[in-house]
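Please read the structure below before turning to the comments.
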Amino acid sequence: MSAVLKGVAQSALQNIAFVPMQAEDLDAILILEERIYAFPWSRGNFTDSLSAGYSAWVCHAAGGMAGYAIIMMVVDEAHLLNISIRSELQRQGLGTMFLEHLCAVARGHGAVRMFLEVRASNRSGRALYARYSFAQIGRRRGYYAGHSGREDAIVMKMEL
Ligand SMILES: CC(C)(COP(=O)(O)OP(=O)(O)OC[C@H]1O[C@@H](n2cnc3c(N)ncnc32)[C@H](O)[C@@H]1OP(=O)(O)O)[C@@H](O)C(=O)NCCC(=O)NCCS
């Protein structure tokens, strides 16, 4: 295991903190991103998000980096661009807590609704969002790269 990723104990739900993402976090984030996704974001995607002033967050739990998320605010709308929980810490409630944090941040910026796109095949993401009252409002054909051709995105919306 890489030195930057050491420190997250099994007790994931202890000492949880959501802190603004910094450029110094990107080495650790990229290691997680490449483990989590078959088609990960590049370093440039993250640096562009930070440069653009998007609301970017890291979740720390039990002393280590447990996840990260980015939302883009456009007037009264928030767009969830990335939410990721370290693989071995998934399904312990952190994604739900992160989403709650992001919704509170978005409301604080005056957003009244949140949008997102999720891969049609992303079972965990779709289950999380459906449970969190996001509703499907559309489908973008061939939006994502896939292993056997392009893959559709499900577009979802939630009123904040
Ligand atoms: C999606 C993700 C952020 C959810 O985070 P998490 O910490 O695992 O989510 P939670 O533990 O809060 O789970 C909340 C609910 O989501 C659903 N869910 C989460 N993971 C699931 C899975 N693998 N299969 C089915 N349902 C799942 C369940 O309803 C779950 O509630 P339950 O455990 O009480 O049944 C996380 O799985 C992840 O990082 N996935 C890879 C990256 C990704 O796909 N991000 C979304 C891109 S749009």
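Convention: chains lettered A, B, ... in structure tokens order; per-chain residue numbering from 1; ligands numbered from 1 as shown.
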
Worksheet item: Among stretch 94-152 of chain A, which residues carry a DSSP assignment of helix (DSSP H, G or I), reported as an NGL selection string?
Response: :A and (94-108 or 123-131)

Fill in: Nearby polymer residues, ligand 1, at most 6 Å, only C-alpha atoms and all ligand atoms, as number ranges by chain
A: 36, 82-85, 90-96, 118, 122-125, 127-128, 131

Write the selection just made, keeping N, CA and C atoms, as a PDB file, in the first residue's frame?
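Output (result.pdb):
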ATOM      1  N   ILE A  36     -10.589   2.997  -8.146  1.00  0.00           N
ATOM      2  CA  ILE A  36     -12.052   2.918  -8.089  1.00  0.00           C
ATOM      3  C   ILE A  36     -12.669   2.780  -9.480  1.00  0.00           C
ATOM      4  N   ASN A  82     -18.312  14.496  -9.216  1.00  0.00           N
ATOM      5  CA  ASN A  82     -17.547  13.317  -8.780  1.00  0.00           C
ATOM      6  C   ASN A  82     -17.843  13.095  -7.306  1.00  0.00           C
ATOM      7  N   ILE A  83     -18.163  11.872  -6.938  1.00  0.00           N
ATOM      8  CA  ILE A  83     -18.202  11.484  -5.520  1.00  0.00           C
ATOM      9  C   ILE A  83     -17.661  10.065  -5.452  1.00  0.00           C
ATOM     10  N   SER A  84     -16.648   9.887  -4.652  1.00  0.00           N
ATOM     11  CA  SER A  84     -15.948   8.607  -4.621  1.00  0.00           C
ATOM     12  C   SER A  84     -15.546   8.272  -3.193  1.00  0.00           C
ATOM     13  N   ILE A  85     -15.816   7.053  -2.808  1.00  0.00           N
ATOM     14  CA  ILE A  85     -15.392   6.553  -1.504  1.00  0.00           C
ATOM     15  C   ILE A  85     -14.397   5.432  -1.740  1.00  0.00           C
ATOM     16  N   GLN A  90     -16.338   1.460   1.319  1.00  0.00           N
ATOM     17  CA  GLN A  90     -17.689   1.651   0.780  1.00  0.00           C
ATOM     18  C   GLN A  90     -18.706   0.834   1.579  1.00  0.00           C
ATOM     19  N   ARG A  91     -19.953   1.238   1.451  1.00  0.00           N
ATOM     20  CA  ARG A  91     -21.099   0.534   2.051  1.00  0.00           C
ATOM     21  C   ARG A  91     -21.087   0.593   3.575  1.00  0.00           C
ATOM     22  N   GLN A  92     -20.510   1.673   4.103  1.00  0.00           N
ATOM     23  CA  GLN A  92     -20.527   1.864   5.557  1.00  0.00           C
ATOM     24  C   GLN A  92     -21.158   3.198   5.923  1.00  0.00           C
ATOM     25  N   GLY A  93     -21.819   3.818   4.956  1.00  0.00           N
ATOM     26  CA  GLY A  93     -22.535   5.052   5.244  1.00  0.00           C
ATOM     27  C   GLY A  93     -21.790   6.328   4.878  1.00  0.00           C
ATOM     28  N   LEU A  94     -20.521   6.212   4.464  1.00  0.00           N
ATOM     29  CA  LEU A  94     -19.754   7.436   4.186  1.00  0.00           C
ATOM     30  C   LEU A  94     -20.300   8.187   2.970  1.00  0.00           C
ATOM     31  N   GLY A  95     -20.698   7.451   1.929  1.00  0.00           N
ATOM     32  CA  GLY A  95     -21.234   8.106   0.735  1.00  0.00           C
ATOM     33  C   GLY A  95     -22.475   8.916   1.068  1.00  0.00           C
ATOM     34  N   THR A  96     -23.336   8.360   1.904  1.00  0.00           N
ATOM     35  CA  THR A  96     -24.556   9.069   2.308  1.00  0.00           C
ATOM     36  C   THR A  96     -24.200  10.326   3.098  1.00  0.00           C
ATOM     37  N   VAL A 118     -24.816   9.567 -14.058  1.00  0.00           N
ATOM     38  CA  VAL A 118     -24.239   8.330 -13.547  1.00  0.00           C
ATOM     39  C   VAL A 118     -24.288   7.283 -14.658  1.00  0.00           C
ATOM     40  N   ASN A 122     -23.718   1.619 -13.319  1.00  0.00           N
ATOM     41  CA  ASN A 122     -23.159   1.860 -11.973  1.00  0.00           C
ATOM     42  C   ASN A 122     -24.207   1.559 -10.903  1.00  0.00           C
ATOM     43  N   ARG A 123     -24.210   0.317 -10.463  1.00  0.00           N
ATOM     44  CA  ARG A 123     -25.232  -0.139  -9.532  1.00  0.00           C
ATOM     45  C   ARG A 123     -25.161   0.602  -8.191  1.00  0.00           C
ATOM     46  N   SER A 124     -23.939   0.738  -7.656  1.00  0.00           N
ATOM     47  CA  SER A 124     -23.818   1.370  -6.331  1.00  0.00           C
ATOM     48  C   SER A 124     -24.212   2.843  -6.393  1.00  0.00           C
ATOM     49  N   GLY A 125     -23.749   3.544  -7.425  1.00  0.00           N
ATOM     50  CA  GLY A 125     -24.085   4.955  -7.546  1.00  0.00           C
ATOM     51  C   GLY A 125     -25.583   5.157  -7.713  1.00  0.00           C
ATOM     52  N   ALA A 127     -27.977   3.199  -6.858  1.00  0.00           N
ATOM     53  CA  ALA A 127     -28.702   2.816  -5.632  1.00  0.00           C
ATOM     54  C   ALA A 127     -28.591   3.917  -4.592  1.00  0.00           C
ATOM     55  N   LEU A 128     -27.385   4.483  -4.464  1.00  0.00           N
ATOM     56  CA  LEU A 128     -27.198   5.572  -3.496  1.00  0.00           C
ATOM     57  C   LEU A 128     -28.108   6.744  -3.849  1.00  0.00           C
ATOM     58  N   ARG A 131     -31.848   6.109  -3.398  1.00  0.00           N
ATOM     59  CA  ARG A 131     -32.200   6.106  -1.977  1.00  0.00           C
ATOM     60  C   ARG A 131     -32.208   7.526  -1.431  1.00  0.00           C
TER      61      ARG A 131
END

Item to complete: Write out as a PyMOL selection string which residues come within 12 Å of stretch 15-19 of chain A when counting only C-alpha atoms, dropping same-chain ones fewer than 6 positions away.
Response: chain A and resi 8-9+25+55-70+93-95+97-102+104-105

Worksheet item: When distances are computed from only C-alpha atoms, which of A:Ala28, A:Ala120, A:Val74, A:Leu81 shows the smallest separation from A:Asn45?
Response: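 Answer, going by the shortest atom-to-atom distance: A:Leu81.
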
Practice prompt. Have a look at A:Ala78, A:Ile31, A:Ala23, A:Met158 and name the one nearest to A:Ala106; count only C-alpha atoms.
Written response: A:Ala78

Worksheet, complete the sentence: Among A:Asp48, A:Arg119, A:His109, A:Cys103, A:Ala145 is approached most closely, using only C-alpha atoms, by A:Arg119

Which residues in chain A does DSSP call strand (DSSP E)? List them as a compact mmCIF listing (two decimals) with N, CA and C atoms, in the first residue's frame.
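Contents of selection-v7.txt, freshly written:
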# COMPACT_ATOMS: atom_id res chain seq x y z
N ALA A 17 -14.37 13.88 8.85
CA ALA A 17 -14.30 15.32 8.60
C ALA A 17 -14.33 15.56 7.10
N PHE A 18 -15.04 16.59 6.69
CA PHE A 18 -15.08 16.99 5.29
C PHE A 18 -14.31 18.30 5.18
N VAL A 19 -13.23 18.29 4.42
CA VAL A 19 -12.37 19.47 4.35
C VAL A 19 -12.17 19.86 2.88
N PRO A 20 -12.00 21.15 2.61
CA PRO A 20 -11.79 21.57 1.22
C PRO A 20 -10.58 20.88 0.60
N SER A 55 -16.57 23.55 -5.97
CA SER A 55 -16.59 23.19 -4.56
C SER A 55 -16.07 21.75 -4.44
N ALA A 56 -14.84 21.63 -3.98
CA ALA A 56 -14.15 20.34 -4.00
C ALA A 56 -13.78 19.95 -2.57
N TRP A 57 -14.07 18.69 -2.23
CA TRP A 57 -13.97 18.26 -0.83
C TRP A 57 -13.27 16.92 -0.71
N VAL A 58 -12.62 16.77 0.43
CA VAL A 58 -12.04 15.48 0.79
C VAL A 58 -12.70 15.01 2.07
N CYS A 59 -12.99 13.74 2.13
CA CYS A 59 -13.53 13.14 3.36
C CYS A 59 -12.39 12.41 4.07
N HIS A 60 -12.14 12.79 5.30
CA HIS A 60 -11.17 12.06 6.12
C HIS A 60 -11.94 11.22 7.12
N ALA A 61 -11.48 10.02 7.33
CA ALA A 61 -12.10 9.16 8.35
C ALA A 61 -11.00 8.34 9.00
N GLY A 64 -7.34 9.02 7.81
CA GLY A 64 -6.84 8.90 6.45
C GLY A 64 -7.87 9.41 5.45
N MET A 65 -7.45 9.46 4.18
CA MET A 65 -8.38 9.94 3.15
C MET A 65 -9.36 8.82 2.80
N ALA A 66 -10.63 9.08 2.98
CA ALA A 66 -11.65 8.06 2.72
C ALA A 66 -12.40 8.32 1.42
N GLY A 67 -12.33 9.55 0.91
CA GLY A 67 -13.05 9.84 -0.33
C GLY A 67 -12.92 11.30 -0.70
N TYR A 68 -13.58 11.65 -1.80
CA TYR A 68 -13.50 13.03 -2.30
C TYR A 68 -14.71 13.27 -3.18
N ALA A 69 -15.04 14.54 -3.36
CA ALA A 69 -16.20 14.88 -4.19
C ALA A 69 -16.04 16.30 -4.72
N ILE A 70 -16.70 16.55 -5.84
CA ILE A 70 -16.64 17.88 -6.47
C ILE A 70 -18.04 18.24 -6.94
N ILE A 71 -18.47 19.45 -6.59
CA ILE A 71 -19.71 19.97 -7.16
C ILE A 71 -19.43 21.31 -7.84
N MET A 72 -20.17 21.53 -8.91
CA MET A 72 -20.07 22.79 -9.66
C MET A 72 -21.36 23.55 -9.41
N MET A 73 -21.22 24.79 -9.02
CA MET A 73 -22.39 25.61 -8.75
C MET A 73 -22.64 26.54 -9.93
N VAL A 74 -23.86 26.52 -10.47
CA VAL A 74 -24.22 27.44 -11.56
C VAL A 74 -25.53 28.12 -11.15
N GLU A 77 -28.23 26.20 -9.29
CA GLU A 77 -28.16 24.76 -9.54
C GLU A 77 -26.79 24.23 -9.17
N ALA A 78 -26.78 23.04 -8.57
CA ALA A 78 -25.52 22.37 -8.24
C ALA A 78 -25.40 21.14 -9.13
N HIS A 79 -24.20 20.88 -9.63
CA HIS A 79 -23.95 19.69 -10.44
C HIS A 79 -22.91 18.85 -9.73
N LEU A 80 -23.29 17.65 -9.40
CA LEU A 80 -22.35 16.74 -8.74
C LEU A 80 -21.49 16.09 -9.82
N LEU A 81 -20.21 16.41 -9.81
CA LEU A 81 -19.31 15.94 -10.88
C LEU A 81 -18.57 14.67 -10.50
N ASN A 82 -18.31 14.50 -9.22
CA ASN A 82 -17.55 13.32 -8.78
C ASN A 82 -17.84 13.09 -7.31
N ILE A 83 -18.16 11.87 -6.94
CA ILE A 83 -18.20 11.48 -5.52
C ILE A 83 -17.66 10.07 -5.45
N SER A 84 -16.65 9.89 -4.65
CA SER A 84 -15.95 8.61 -4.62
C SER A 84 -15.55 8.27 -3.19
N ILE A 85 -15.82 7.05 -2.81
CA ILE A 85 -15.39 6.55 -1.50
C ILE A 85 -14.40 5.43 -1.74
N ARG A 113 -31.57 23.00 -6.50
CA ARG A 113 -31.63 21.63 -7.02
C ARG A 113 -30.23 21.16 -7.37
N MET A 114 -30.09 19.83 -7.40
CA MET A 114 -28.79 19.23 -7.74
C MET A 114 -28.99 18.25 -8.88
N PHE A 115 -28.07 18.29 -9.84
CA PHE A 115 -28.09 17.37 -10.99
C PHE A 115 -26.85 16.48 -10.95
N LEU A 116 -26.95 15.36 -11.60
CA LEU A 116 -25.77 14.50 -11.76
C LEU A 116 -25.98 13.57 -12.93
N GLU A 117 -24.87 13.02 -13.42
CA GLU A 117 -24.91 11.94 -14.41
C GLU A 117 -24.26 10.71 -13.80
N VAL A 118 -24.82 9.57 -14.06
CA VAL A 118 -24.24 8.33 -13.55
C VAL A 118 -24.29 7.28 -14.66
N ARG A 119 -23.25 6.46 -14.73
CA ARG A 119 -23.23 5.39 -15.74
C ARG A 119 -24.43 4.48 -15.54
N ALA A 135 -34.21 11.67 -8.78
CA ALA A 135 -35.10 11.04 -9.74
C ALA A 135 -34.47 11.14 -11.13
N GLN A 136 -34.65 10.10 -11.91
CA GLN A 136 -34.14 10.11 -13.28
C GLN A 136 -34.93 11.10 -14.11
N ILE A 137 -34.21 12.00 -14.82
CA ILE A 137 -34.92 12.96 -15.68
C ILE A 137 -34.49 12.83 -17.13
N GLY A 138 -33.54 11.97 -17.40
CA GLY A 138 -33.13 11.82 -18.80
C GLY A 138 -32.04 10.78 -18.95
N ARG A 139 -31.62 10.61 -20.17
CA ARG A 139 -30.58 9.63 -20.50
C ARG A 139 -29.75 10.21 -21.63
N ARG A 140 -28.43 10.25 -21.45
CA ARG A 140 -27.57 10.73 -22.53
C ARG A 140 -26.92 9.52 -23.18
N ARG A 141 -27.28 9.31 -24.44
CA ARG A 141 -26.78 8.13 -25.16
C ARG A 141 -25.28 8.23 -25.42
N GLY A 142 -24.55 7.18 -25.11
CA GLY A 142 -23.12 7.11 -25.43
C GLY A 142 -22.28 8.18 -24.76
N TYR A 143 -22.66 8.59 -23.58
CA TYR A 143 -21.99 9.72 -22.89
C TYR A 143 -20.61 9.33 -22.39
N TYR A 144 -20.46 8.08 -21.95
CA TYR A 144 -19.19 7.64 -21.35
C TYR A 144 -18.45 6.67 -22.27
N GLU A 151 -21.12 4.10 -23.39
CA GLU A 151 -22.15 3.72 -22.41
C GLU A 151 -23.03 4.93 -22.09
N ASP A 152 -24.31 4.70 -21.86
CA ASP A 152 -25.25 5.79 -21.58
C ASP A 152 -25.04 6.35 -20.17
N ALA A 153 -25.38 7.63 -20.03
CA ALA A 153 -25.46 8.25 -18.70
C ALA A 153 -26.93 8.41 -18.34
N ILE A 154 -27.24 8.15 -17.09
CA ILE A 154 -28.56 8.46 -16.55
C ILE A 154 -28.44 9.83 -15.91
N VAL A 155 -29.31 10.75 -16.30
CA VAL A 155 -29.31 12.10 -15.72
C VAL A 155 -30.33 12.13 -14.59
N MET A 156 -29.87 12.60 -13.43
CA MET A 156 -30.76 12.60 -12.26
C MET A 156 -30.82 13.99 -11.63
N LYS A 157 -31.92 14.24 -10.95
CA LYS A 157 -32.13 15.55 -10.33
C LYS A 157 -32.76 15.38 -8.96
N MET A 158 -32.38 16.23 -8.05
CA MET A 158 -33.03 16.26 -6.75
C MET A 158 -33.28 17.70 -6.35
N GLU A 159 -34.48 17.98 -5.83
CA GLU A 159 -34.74 19.31 -5.29
C GLU A 159 -34.07 19.41 -3.93

Worksheet entry | Gap from atom CA of A:Arg43 to atom CA of A:Tyr129 - Å, one decimal |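 Computed distance, atom CA of A:Arg43 to atom CA of A:Tyr129, equals 25.9 Å.
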
Fill in: Point-to-point distance in Å for atom CA of A:Ile29 and atom CA of A:Gly44
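Those two atoms sit 12.3 Å apart.
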
Worksheet item: For A:Asp76, which residue out of A:Ala111, A:Leu160, A:Leu30, A:Met21 is the nearest one, using only C-alpha atoms?
Response: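 Selected residue with least distance to A:Asp76: A:Ala111.
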